Each structure stands twice: as C-alpha cells, then as structure tokens.
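Below: one structure, written as structure tokens.
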Amino acid sequence: MRHRPSRELSVVMLLVSLFSGCASTSRISPAVLNTPYSVSRDGGLQYRLPVGWFDASADSQAIGHAIWLMRADYGATIVVDEVSLDHGAREEIAGEKLLQLAQLLISLTAGDRGAVLIEAPALVPLNGTMTCRYALLASEGRDTLQVTLLDTGTRVYTLTALRSKQERGQGASLAVVMERFIAALRW
C-alpha cells in the first residue's frame with residue numbers, strides 16, 4: 001500500500017516553496033566577511049575581506065598603504081595606513097590621546113584638499129580597544145571620508161572608508177561594513 005502525503009503537509013510544502021521563492025538572494029548581510037584572514041602589506045594587521053569587495057593591496061598603486069580594499073562596483077574603498085610617529089610622539093598619544101592626533105590629521109587633510117568636517121572626532125570603544133572616529137566631506141567631489149584611528153599598542157593606523165558621491169551602493173551600508181571590518185582585525 002502506497003502512503004499519500006496528507007493535505008496539511010501539501011499545504012505546508014506549498015507555503016514553504018512560495019515564501020522561499022520570494023526571498024531576496026542578492027542581499028548581502030552587513031556582517032558577512034570572508035573566512036580566511038589576510039596579512040597587511042606591513043605585516044602589522046590581519047584582516048578579513050568583506051563579501052562583495054576585492055583586495056587591491058598587492059596592486060602597485062597600493063604601495064604605501066597597509067591595506068587597500070575596493071567594493072566590486074567601485075563605489076567605495078577602505079584604505080588602511082600607518083601613521084608615522086617618532087618615539088616622542090608615540091609616547092604622547094599613549095592612552096586616550098587619539099582625539100589630539102585626530103585634530104592634527106583633520107587639519108592636515110582638510111587644509112590640503114578643502115575637506116569639511118561633518119562629524120567631530122569622538123572616542124568609540126570597539127572590542128575592548130579605544131578608537132577615534134570622525135567624518136569629512138571632500139569638497140571637490142562631494143565624496144565622504146569616514147576615518148577611524150586605531151592604536152594597536154605598537155602602531156597607530158588610520159582606517160579610511162571613502163564613499164563616492166556617485167555610489168551605486170548595493171548591499172550593506174559602508175559604515176556597517178567598516179565597523180565589521182575593524183571588529184574582525186587582529187594585531
């Protein structure tokens with residue numbers, strides 16, 4: 001004797017297939033980072049690549065950057081640079097003096113490129129480490145720069161996310177991607 005599925009089971013199967021067909025497959029969760037870790041050009045950081053991004057760190061144009069990531073649609077980039085500090089300056093910013101360093105970096109960046117501060121520097125704890133964040137608007141292209149200063153104890157890095165005005169942004173918000181990227185960093 002052959003067993004026939006019950007009417008309730010058929011209805012459940014139909015509903016599951018309908019709802020699964022409506023789910024969006026192109027959405028990328030902002031928390032998604034590729035599993036393997038890569039090592040920065042300077043060897044000071046290990047990082048995970050966000051899904052939908054590619055690593056341009058090995059490109060000859062990336063010389064001078066510890067990490068250079070680009071979103072697949074070229075609408076955003078993440079650049080990580082070491083801040084060169086001598087021994088005296090390094091001792092000065094030890095602790096919570098990242099705000100002072102941020103003010104200095106803002107004046108250097110804004111003065112040369114005509115950028116405007118749109119988010120004042122603020123200390124933000126991230127995974128037990130104090131960071132400093134601020135944002136600039138580049139006047140020439142109206143691109144947005146979100147900058148995070150990170151003190152690893154031996155080095156200080158600027159992590160800059162640039163979002164183009166012409167961003168065709170699909171997927172997760174750049175701020176969320178940047179936060180997840182920084183949270184996954186190892187040093």
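To be explicit about the labels: the chains of the structure tokens are called A, B, and onward in the order shown, and within each one the residues are counted from 1, while ligands get numbers from 1 in the order they are shown.
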Need the shell around Lys165 in chain A: protein/DNA/RNA residues with any atom at most 9 Å away, counting only C-alpha atoms. Skip same-chain ones fewer than 6 positions apart. Format as number ranges by chain? A: 75, 141-144
The selected residues should be written to file as a PDB file, in the first residue's frame (atoms: N, CA and C atoms).
ATOM      1  N   GLY A  75      32.240  51.773  -6.026  1.00  0.00           N
ATOM      2  CA  GLY A  75      31.577  52.906  -5.391  1.00  0.00           C
ATOM      3  C   GLY A  75      32.124  53.243  -4.021  1.00  0.00           C
ATOM      4  N   GLY A 141      34.759  66.529  -4.900  1.00  0.00           N
ATOM      5  CA  GLY A 141      33.901  65.504  -5.485  1.00  0.00           C
ATOM      6  C   GLY A 141      32.690  65.190  -4.655  1.00  0.00           C
ATOM      7  N   ARG A 142      32.568  65.807  -3.499  1.00  0.00           N
ATOM      8  CA  ARG A 142      31.486  65.544  -2.554  1.00  0.00           C
ATOM      9  C   ARG A 142      31.503  64.104  -2.063  1.00  0.00           C
ATOM     10  N   ASP A 143      32.692  63.515  -2.064  1.00  0.00           N
ATOM     11  CA  ASP A 143      32.860  62.170  -1.520  1.00  0.00           C
ATOM     12  C   ASP A 143      32.924  62.255  -0.002  1.00  0.00           C
ATOM     13  N   THR A 144      32.490  61.215   0.677  1.00  0.00           N
ATOM     14  CA  THR A 144      32.504  61.170   2.134  1.00  0.00           C
ATOM     15  C   THR A 144      33.655  60.285   2.601  1.00  0.00           C
TER      16      THR A 144
END
Name all residues at most 12 Å from Leu105 in chain A (count only C-alpha atoms; drop same-chain ones fewer than 6 positions away) and give them as a ChimeraX atom specification. /A:83-84,98-99,111-112,115,117,121,132-136,147-149,157-158
For Thr77 in chain A, work out the shell of residues within 12 Å, counting only C-alpha atoms and skipping chain neighbours fewer than 2 positions away, then give it as JSON, numbers by chain. {"A": [49, 50, 52, 53, 54, 55, 56, 57, 62, 67, 68, 69, 70, 71, 72, 73, 74, 75, 79, 80, 143, 144, 145, 146, 147, 159, 160, 161, 162, 163, 164, 167, 169, 174, 175, 177, 178]}
CA of Val176 in chain A and CA of Val32 in chain A, how far apart in Å?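 Distance reported for this atom pair: 10.4 Å.
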re CA of Ala120 in chain A and CA of Leu137 in chain A: distance 11.9 Å
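Taking CA of His65 in chain A as the reference point, CA of Leu185 in chain A is found at 15.8 Å.
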Please return as a PyMOL selection string: the residues of range 99-179 of chain A that backbone DSSP assigns to alpha helix (DSSP H). chain A and resi 99-113+174-179
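Proximity to Ala184 in chain A was assessed for A:Arg155, A:Asn127, A:Gly64, A:Val39 counting only C-alpha atoms; the smallest distance is recorded for A:Asn127.
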Give me every strand (DSSP E or B) residue in range 35-65 of chain A, going by DSSP on the backbone, as an MDAnalysis selection string. chainID A and resid 35:39 46:50 53:55
Kindly save the residues from that selection, with C-alpha atoms included, as a PDB file, in the first residue's frame.
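Writing the result to selection.pdb gives the following:
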ATOM      1  CA  THR A  35      36.512  33.428   6.368  1.00  0.00           C
ATOM      2  CA  PRO A  36      40.265  33.429   5.682  1.00  0.00           C
ATOM      3  CA  TYR A  37      42.468  36.115   7.160  1.00  0.00           C
ATOM      4  CA  SER A  38      44.972  38.009   5.018  1.00  0.00           C
ATOM      5  CA  VAL A  39      48.074  39.835   6.254  1.00  0.00           C
ATOM      6  CA  GLN A  46      45.414  40.500   9.853  1.00  0.00           C
ATOM      7  CA  TYR A  47      42.092  41.238   8.188  1.00  0.00           C
ATOM      8  CA  ARG A  48      39.072  39.602   6.601  1.00  0.00           C
ATOM      9  CA  LEU A  49      37.712  40.767   3.256  1.00  0.00           C
ATOM     10  CA  PRO A  50      34.045  41.853   3.214  1.00  0.00           C
ATOM     11  CA  TRP A  53      34.745  43.549  -2.096  1.00  0.00           C
ATOM     12  CA  PHE A  54      38.140  42.761  -3.589  1.00  0.00           C
ATOM     13  CA  ASP A  55      41.631  43.211  -2.205  1.00  0.00           C
TER      14      ASP A  55
END
Thr131 in chain A surroundings by only C-alpha atoms, 9 Å radius, close-in-sequence under 6 positions cut, as a list in words: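 Answer for this query is Glu96, Leu98, Ala122, Leu123, Val124, Pro125, Thr148, Leu149, Leu150 and Asp151 of chain A.
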Selection to disk with N, CA and C atoms, as a CSV table (one decimal), in the first residue's frame:
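The new file again.csv reads:
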chain,number,residue,atom,x,y,z
A,96,GLU,N,44.6,57.7,25.9
A,96,GLU,CA,43.4,58.2,25.2
A,96,GLU,C,43.6,59.5,24.5
A,98,LEU,N,44.1,59.9,21.4
A,98,LEU,CA,43.7,59.8,19.9
A,98,LEU,C,43.0,61.0,19.4
A,122,ALA,N,35.3,61.5,17.9
A,122,ALA,CA,34.8,61.0,19.2
A,122,ALA,C,35.5,59.7,19.5
A,123,LEU,N,35.7,59.4,20.8
A,123,LEU,CA,36.3,58.2,21.2
A,123,LEU,C,35.2,57.1,21.2
A,124,VAL,N,35.5,56.0,20.6
A,124,VAL,CA,34.5,54.9,20.5
A,124,VAL,C,35.2,53.6,20.8
A,125,PRO,N,34.7,52.9,21.9
A,125,PRO,CA,35.2,51.6,22.2
A,125,PRO,C,34.8,50.5,21.2
A,148,THR,N,38.7,56.2,11.0
A,148,THR,CA,38.8,55.6,12.3
A,148,THR,C,40.3,55.5,12.6
A,149,LEU,N,40.7,56.1,13.8
A,149,LEU,CA,42.1,55.9,14.3
A,149,LEU,C,42.1,54.7,15.2
A,150,LEU,N,43.1,53.8,15.0
A,150,LEU,CA,43.2,52.6,15.8
A,150,LEU,C,44.7,52.5,16.3
A,151,ASP,N,44.8,52.5,17.6
A,151,ASP,CA,46.1,52.3,18.3
A,151,ASP,C,46.2,50.8,18.7
Which of these residues is nearest to Asp42 in chain A, using only C-alpha atoms: A:Leu101, A:Leu126, A:Gln61, A:Asp81?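 Among the listed residues, A:Asp81 lies closest to Asp42 in chain A.
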